[in-house]
Amino acid sequence: MNGSLAAGFLPDLIGLWVAALLTLAVLSYVIQDNPVFRLTQYLFVGVSAGYAAALAWNHVLAPRIALLLRDPADAWPYAIMLALAALLLGRGWQPTARLAGIPLALLLGVGAAVAIGGVLRGTLVPQMAASIVSLAPIDYGGGLRGWAFALDAAFMLLTTLAVLAAYHYRAGRTGATSLWTRLGRRVGQFGRAMILLVLAALLAGAMLSFFAALRGRFDFIIYDWLGSMRGLGG
Amino acid sequence: MSLCPHCQGENREDAERCIWCGLPLRPDREGNAAGRAPASDTHSEAETSDAWDEDPLAGLAGLLPPVTLPPMPEGSRNAEAEITEQERQDAALFHRIASSPPPLGPPRQPTAPLAAPVPERPWRLTLAVLIVLAALVPIVTGGRLDAAHSPQPGVAAFAAALDALQPGDRVIVAYDYAPSAEAELAPAGQAAVADLATGSVALVALSSRPEGVDIARQSLESLAVDGLPLRYGTDYALLGYLAGDATGLRLAATDLAAAFAQTDAAGTPLERLPILNGLNKAVDADAILVLTDDANVARRWIEQVGARTNAPVLMLTTAAIEPLLIPYADSGQLAALISGAYGNLPSAGASTRPSLYSADGFLALWIVLVLAFVLGLRVTGRRSSERRP
């Protein structure tokens with residue numbers, strides 16, 4: 001084994017073993033909550049936070065500061081950004097705490113404006129447009145297929161209305177109720193059932209995702225970790 | 001100050017009755033001695049009580065200093081203070097309610113919040129062991145069901161969208177998932193990226209999540225390991241971390257250089273990357289491929305970038321968030337949507353790398369879950385019948 005191979009091989013081997021042992025530590029939670037699992041959990045949280053902070057410096061702050069120092073005439077808007085960031089730091093000191101409200105207000109205001117604009121343009125309007133569909137079988141080619149599509153469209157329309165009705169609240173009233181009120185209640189109940197159905201689908205999907213993650217970890221332990229040991233043994 | 005001859009209590013000089021015991025302080029007109037109850041008082045307690053009930057304030061005139069009453073309101077001067085029968089009944093009812101003792105029923109038990117019944121430890125362990133065994137089933141079965149598995153409808157649309165791209169086209173690839181979702185998203189994502197690179201489609205990678213940058217780097221480097229002759233800056237580039245969530249994406253949609261401070265992940269100025277010549281905005285890309293495990297990130301891409309471009313937006317997600325994004329695929333906002341959990345099962349057998357990724361494992365999981373559901377219902381039903389009196 002030459003030096004360069006050892007230089008690349010040893011860190012990989014150490015990384016492989018650390019990853020395998022941490023995986024086993026996390027899986028040990030199946031048996032019981034234990035200190036090794038806790039330690040691993042805290043390690044992940046700490047490493048994630050540290051990694052995110054380092055990345056924010058390397059990819060967000062440092063390039064912009066470098067740009068500002070290199071070409072202040074063109075990159076002067078970054079000076080405003082840094083000044084606002086400095087004001088945010090003032091939140092920790094009572095006399096300057098009020099100044100932190102300026103960047104916070106800017107963040108919230110711009111963030112809300114961008115988000116609302118995006119929701120309107122990318123979700124609300126297109127989804128409403130997509131829910132306006134024809135209920136005539138002839139528009140889907142007629143025949144059995146046309147009827148199937150028309151029924152599907154009718155079910156979608158009914159479900160949309162039912163879910164909207166599920167979020168319709170009114171003060172409780174005793175005594176005799178009108179037909180419309182009773183009908184609204186029934187449709188709302190149907191809407192709630194549909195929401196539960198969607199939640200069940202989401203849970204089923206989450207189960208599949210967790211299973212895929214478990215399968216991935218077993219892949220790693222069996223084929224990568226144990227496989228490497230078999231390779232080492234010759 | 002005068003002393004009561006009966007109880008020796010101190011009273012005002014002009015008081016006629018003792019304020020302590022209520023007996024007269026001076027002989028009255030009927031000749032009853034001071035400090036003695038009137039003749040009727042000595043007869044019986046019941047009679048005394050009746051006498052007091054008749055006029056309890058009798059004889060107390062002058063006990064308190066005179067008070068000037070405020071003038072009555074104009075409207076009430078001529079009002080007759082008549083008590084109706086209804087008011088008497090209401091008063092009697094109020095009296096009964098106020099004076100009746102509280103009901104002495106059994107104390108009410110506090111209502112416990114609704115909680116899902118947690119199975120006992122042996123059940124939980126058994127379920128965990130069964131799920132582990134389900135994941136390991138492909139070792140024994142060897143993935144025999146993979147060939148019988150029919151692909152998702154989205155897979156064909158995904159493949160068609162990738163095939164429609166021409167050599168020289170540029171695709172933005174967003175690696176927006178955490179390492180925990182790598183087992184689900186990496187195989188299909190890597191296959192798609194390799195397919196694009198093989199077809200000489202240029203890849204511009206970025207991530208709006210901190211963890212995604214390193215995942216993107218590994219993914220692009222593995223293409224070179226696979227033997228594809230790719231050159232950085234011409235065939236692919238890694239722009240790095242895109243901060244700011246929706247705002248950052250909005251900025252990238254209109255000005256890539258401003259969104260990444262004019263440098264890529266390695267600090268190279270963007271103007272030196274030939275791959276970005278003419279690609280100043282994310283919306284100018286020929287296609288956008290988003291790999292994500294977060295429904296909010298997926299929505300942000302659709303809302304901030306997808307809504308402003310005619311380029312197809314392809315999305316590879318985890319099964320956990322797939323149901324939330326199906327409406328976007330149905331409305332045509334997503335050109336293709338597939339779930340990484342089982343979306344690329346047809347290509348699983350083609351991989352040379354040994355893996356447990358197989359339809360056999362999903363079938364085993366399905367059997368375990370059905371078994372757990374049936375057993376859970378049975379156990380819950382038995383417990384309910386035991387609790388029933």
# chains A, B, ... in the order shown; residues from 1 in each chain; ligands from 1
call {"tool": "closest_atom_pairs", "arguments": {"of": "chain A", "to": "chain B", "cutoff": "8 Å", "atoms": "only C-alpha atoms", "output": "CSV"}}
result
residue,atom,partner,partner_atom,distance
A:Val30,CA,B:Ala128,CA,6.8
A:Ile31,CA,B:Leu125,CA,6.9
A:Tyr51,CA,B:Pro210,CA,7.7
A:Ala52,CA,B:Pro210,CA,5.6
A:Leu55,CA,B:Pro210,CA,6.5
A:Ala56,CA,B:Pro210,CA,7.8
A:His59,CA,B:Tyr241,CA,6.0
A:Val60,CA,B:Ala243,CA,7.0
A:Pro63,CA,B:Ala261,CA,6.2
A:Arg64,CA,B:Ala261,CA,5.8
A:Leu67,CA,B:Ala261,CA,7.6
A:Val110,CA,B:Thr247,CA,7.7
A:Gly111,CA,B:Thr247,CA,6.2
A:Val114,CA,B:Thr247,CA,6.2
A:Ala115,CA,B:Ala246,CA,6.4
A:Gly118,CA,B:Glu303,CA,4.7
A:Val119,CA,B:Glu303,CA,6.1
A:Arg121,CA,B:Ala307,CA,6.6
A:Gly122,CA,B:Glu303,CA,4.0
A:Thr123,CA,B:Glu303,CA,6.6
A:Pro126,CA,B:Ser331,CA,7.4
A:Gln127,CA,B:Ser331,CA,6.8
A:Ala130,CA,B:Ser331,CA,5.4
A:Val198,CA,B:Pro323,CA,7.7
A:Ala201,CA,B:Pro323,CA,7.0
A:Leu202,CA,B:Ala320,CA,5.8
A:Leu203,CA,B:Ala320,CA,7.1
A:Ala204,CA,B:Ala320,CA,7.4
A:Gly205,CA,B:Ala320,CA,4.1
A:Ala206,CA,B:Ala320,CA,4.0
A:Met207,CA,B:Ala320,CA,7.4
A:Leu208,CA,B:Ala319,CA,6.2
A:Ser209,CA,B:Ala319,CA,5.6
A:Phe211,CA,B:Ala135,CA,7.4
A:Ala212,CA,B:Glu184,CA,5.6
A:Ala213,CA,B:Ala183,CA,5.4
A:Leu214,CA,B:Ala135,CA,7.3
A:Arg215,CA,B:Ala135,CA,5.6
A:Gly216,CA,B:Ala183,CA,4.7
A:Arg217,CA,B:Ala183,CA,7.6
A:Phe218,CA,B:Leu356,CA,7.7
A:Asp219,CA,B:Ser355,CA,5.8
A:Tyr223,CA,B:Pro354,CA,7.1
call {"tool": "residues_around", "arguments": {"residues": "A:Ala162", "least_positions_apart": "3", "cutoff": "10 Å", "atoms": "only C-alpha atoms", "output": "ChimeraX atom specification"}}
result
/A:156-159,165-168,184-195
call {"tool": "write_last_selection", "arguments": {"atoms": "C-alpha atoms", "output": "JSON list (two decimals), in the first residue's frame"}}
result
[["chain", "number", "residue", "atom", "x", "y", "z"],
["A", 156, "MET", "CA", -63.75, 15.94, -7.79],
["A", 157, "LEU", "CA", -66.23, 18.83, -7.83],
["A", 158, "LEU", "CA", -68.30, 17.27, -5.06],
["A", 159, "THR", "CA", -65.22, 16.57, -2.96],
["A", 165, "ALA", "CA", -68.15, 22.94, 3.59],
["A", 166, "ALA", "CA", -66.13, 21.13, 6.26],
["A", 167, "TYR", "CA", -64.43, 24.44, 7.06],
["A", 168, "HIS", "CA", -67.72, 26.33, 7.30],
["A", 184, "GLY", "CA", -74.68, 21.62, 4.80],
["A", 185, "ARG", "CA", -73.86, 19.55, 7.88],
["A", 186, "ARG", "CA", -74.01, 16.29, 5.91],
["A", 187, "VAL", "CA", -71.82, 17.66, 3.13],
["A", 188, "GLY", "CA", -69.36, 18.96, 5.74],
["A", 189, "GLN", "CA", -69.20, 15.50, 7.34],
["A", 190, "PHE", "CA", -68.45, 14.02, 3.93],
["A", 191, "GLY", "CA", -65.73, 16.64, 3.46],
["A", 192, "ARG", "CA", -64.16, 15.75, 6.80],
["A", 193, "ALA", "CA", -64.16, 12.09, 5.77],
["A", 194, "MET", "CA", -62.33, 13.07, 2.58],
["A", 195, "ILE", "CA", -59.75, 15.01, 4.60]]
call {"tool": "residues_around", "arguments": {"residues": "stretch 13-19 of chain A", "least_positions_apart": "5", "cutoff": "10 Å", "atoms": "only C-alpha atoms", "output": "tab-separated table (two decimals) with N, CA and C atoms, in the first residue's frame"}}
result
chain	number	residue	atom	x	y	z
A	8	GLY	N	-5.97	8.19	1.07
A	8	GLY	CA	-7.38	8.20	0.71
A	8	GLY	C	-8.15	7.06	1.36
A	24	LEU	N	-26.12	1.86	13.60
A	24	LEU	CA	-26.53	0.84	14.58
A	24	LEU	C	-27.01	1.50	15.88
A	25	ALA	N	-26.37	2.62	16.23
A	25	ALA	CA	-26.79	3.32	17.45
A	25	ALA	C	-28.21	3.86	17.30
A	217	ARG	N	-30.49	1.99	4.76
A	217	ARG	CA	-29.50	1.75	5.82
A	217	ARG	C	-29.04	0.29	5.83
A	220	PHE	N	-26.58	-0.21	3.20
A	220	PHE	CA	-25.28	0.30	3.62
A	220	PHE	C	-24.58	-0.69	4.56
A	221	ILE	N	-25.32	-1.20	5.55
A	221	ILE	CA	-24.69	-2.09	6.53
A	221	ILE	C	-24.27	-3.41	5.89
A	224	ASP	N	-22.12	-2.37	2.07
A	224	ASP	CA	-20.96	-1.49	2.16
A	224	ASP	C	-20.06	-1.84	3.36
A	225	TRP	N	-20.69	-1.88	4.54
A	225	TRP	CA	-19.88	-2.08	5.75
A	225	TRP	C	-19.42	-3.53	5.88
A	226	LEU	N	-20.38	-4.45	5.94
A	226	LEU	CA	-20.00	-5.85	6.06
A	226	LEU	C	-19.25	-6.32	4.81
A	228	SER	N	-17.22	-4.50	3.03
A	228	SER	CA	-15.83	-4.03	3.12
A	228	SER	C	-15.02	-4.91	4.06
call {"tool": "select_by_dssp", "arguments": {"residues": "stretch 166-201 of chain A", "states": "alpha helix (DSSP H)", "output": "PDB file with N, CA and C atoms, in the first residue's frame"}}
result
ATOM      1  N   ALA A 166     -66.649  21.619   4.970  1.00  0.00           N
ATOM      2  CA  ALA A 166     -66.128  21.134   6.256  1.00  0.00           C
ATOM      3  C   ALA A 166     -65.499  22.265   7.048  1.00  0.00           C
ATOM      4  N   LEU A 179     -83.704  22.700   6.040  1.00  0.00           N
ATOM      5  CA  LEU A 179     -83.179  21.641   5.177  1.00  0.00           C
ATOM      6  C   LEU A 179     -81.773  21.971   4.709  1.00  0.00           C
ATOM      7  N   TRP A 180     -81.542  23.262   4.410  1.00  0.00           N
ATOM      8  CA  TRP A 180     -80.221  23.677   3.923  1.00  0.00           C
ATOM      9  C   TRP A 180     -79.160  23.478   4.988  1.00  0.00           C
ATOM     10  N   THR A 181     -79.534  23.789   6.247  1.00  0.00           N
ATOM     11  CA  THR A 181     -78.571  23.618   7.335  1.00  0.00           C
ATOM     12  C   THR A 181     -78.198  22.151   7.489  1.00  0.00           C
ATOM     13  N   ARG A 182     -79.234  21.291   7.462  1.00  0.00           N
ATOM     14  CA  ARG A 182     -78.962  19.848   7.623  1.00  0.00           C
ATOM     15  C   ARG A 182     -78.120  19.334   6.461  1.00  0.00           C
ATOM     16  N   LEU A 183     -78.428  19.805   5.278  1.00  0.00           N
ATOM     17  CA  LEU A 183     -77.682  19.380   4.090  1.00  0.00           C
ATOM     18  C   LEU A 183     -76.225  19.839   4.189  1.00  0.00           C
ATOM     19  N   GLY A 184     -76.038  21.089   4.641  1.00  0.00           N
ATOM     20  CA  GLY A 184     -74.682  21.623   4.803  1.00  0.00           C
ATOM     21  C   GLY A 184     -73.881  20.802   5.788  1.00  0.00           C
ATOM     22  N   ARG A 185     -74.552  20.379   6.882  1.00  0.00           N
ATOM     23  CA  ARG A 185     -73.859  19.548   7.876  1.00  0.00           C
ATOM     24  C   ARG A 185     -73.424  18.225   7.272  1.00  0.00           C
ATOM     25  N   ARG A 186     -74.321  17.598   6.516  1.00  0.00           N
ATOM     26  CA  ARG A 186     -74.006  16.292   5.913  1.00  0.00           C
ATOM     27  C   ARG A 186     -72.846  16.424   4.925  1.00  0.00           C
ATOM     28  N   VAL A 187     -72.890  17.467   4.127  1.00  0.00           N
ATOM     29  CA  VAL A 187     -71.823  17.662   3.135  1.00  0.00           C
ATOM     30  C   VAL A 187     -70.501  17.923   3.862  1.00  0.00           C
ATOM     31  N   GLY A 188     -70.554  18.696   4.952  1.00  0.00           N
ATOM     32  CA  GLY A 188     -69.359  18.965   5.741  1.00  0.00           C
ATOM     33  C   GLY A 188     -68.782  17.686   6.332  1.00  0.00           C
ATOM     34  N   GLN A 189     -69.678  16.787   6.798  1.00  0.00           N
ATOM     35  CA  GLN A 189     -69.202  15.501   7.336  1.00  0.00           C
ATOM     36  C   GLN A 189     -68.499  14.694   6.243  1.00  0.00           C
ATOM     37  N   PHE A 190     -69.074  14.717   5.050  1.00  0.00           N
ATOM     38  CA  PHE A 190     -68.446  14.021   3.929  1.00  0.00           C
ATOM     39  C   PHE A 190     -67.076  14.632   3.630  1.00  0.00           C
ATOM     40  N   GLY A 191     -67.000  15.955   3.693  1.00  0.00           N
ATOM     41  CA  GLY A 191     -65.726  16.643   3.459  1.00  0.00           C
ATOM     42  C   GLY A 191     -64.686  16.250   4.487  1.00  0.00           C
ATOM     43  N   ARG A 192     -65.117  16.151   5.758  1.00  0.00           N
ATOM     44  CA  ARG A 192     -64.165  15.745   6.798  1.00  0.00           C
ATOM     45  C   ARG A 192     -63.673  14.325   6.547  1.00  0.00           C
ATOM     46  N   ALA A 193     -64.569  13.467   6.096  1.00  0.00           N
ATOM     47  CA  ALA A 193     -64.163  12.091   5.773  1.00  0.00           C
ATOM     48  C   ALA A 193     -63.118  12.094   4.655  1.00  0.00           C
ATOM     49  N   MET A 194     -63.299  12.982   3.682  1.00  0.00           N
ATOM     50  CA  MET A 194     -62.330  13.070   2.582  1.00  0.00           C
ATOM     51  C   MET A 194     -60.970  13.559   3.090  1.00  0.00           C
ATOM     52  N   ILE A 195     -61.016  14.513   4.034  1.00  0.00           N
ATOM     53  CA  ILE A 195     -59.753  15.012   4.602  1.00  0.00           C
ATOM     54  C   ILE A 195     -59.035  13.884   5.336  1.00  0.00           C
ATOM     55  N   LEU A 196     -59.810  13.074   6.069  1.00  0.00           N
ATOM     56  CA  LEU A 196     -59.210  11.934   6.772  1.00  0.00           C
ATOM     57  C   LEU A 196     -58.587  10.960   5.782  1.00  0.00           C
ATOM     58  N   LEU A 197     -59.263  10.799   4.649  1.00  0.00           N
ATOM     59  CA  LEU A 197     -58.740   9.899   3.611  1.00  0.00           C
ATOM     60  C   LEU A 197     -57.385  10.407   3.103  1.00  0.00           C
ATOM     61  N   VAL A 198     -57.293  11.712   2.901  1.00  0.00           N
ATOM     62  CA  VAL A 198     -56.027  12.294   2.440  1.00  0.00           C
ATOM     63  C   VAL A 198     -54.945  12.110   3.498  1.00  0.00           C
ATOM     64  N   LEU A 199     -55.314  12.316   4.772  1.00  0.00           N
ATOM     65  CA  LEU A 199     -54.330  12.122   5.845  1.00  0.00           C
ATOM     66  C   LEU A 199     -53.852  10.677   5.881  1.00  0.00           C
ATOM     67  N   ALA A 200     -54.795   9.743   5.648  1.00  0.00           N
ATOM     68  CA  ALA A 200     -54.419   8.326   5.627  1.00  0.00           C
ATOM     69  C   ALA A 200     -53.440   8.063   4.484  1.00  0.00           C
ATOM     70  N   ALA A 201     -53.696   8.690   3.333  1.00  0.00           N
ATOM     71  CA  ALA A 201     -52.780   8.520   2.193  1.00  0.00           C
ATOM     72  C   ALA A 201     -51.403   9.090   2.524  1.00  0.00           C
TER      73      ALA A 201
END
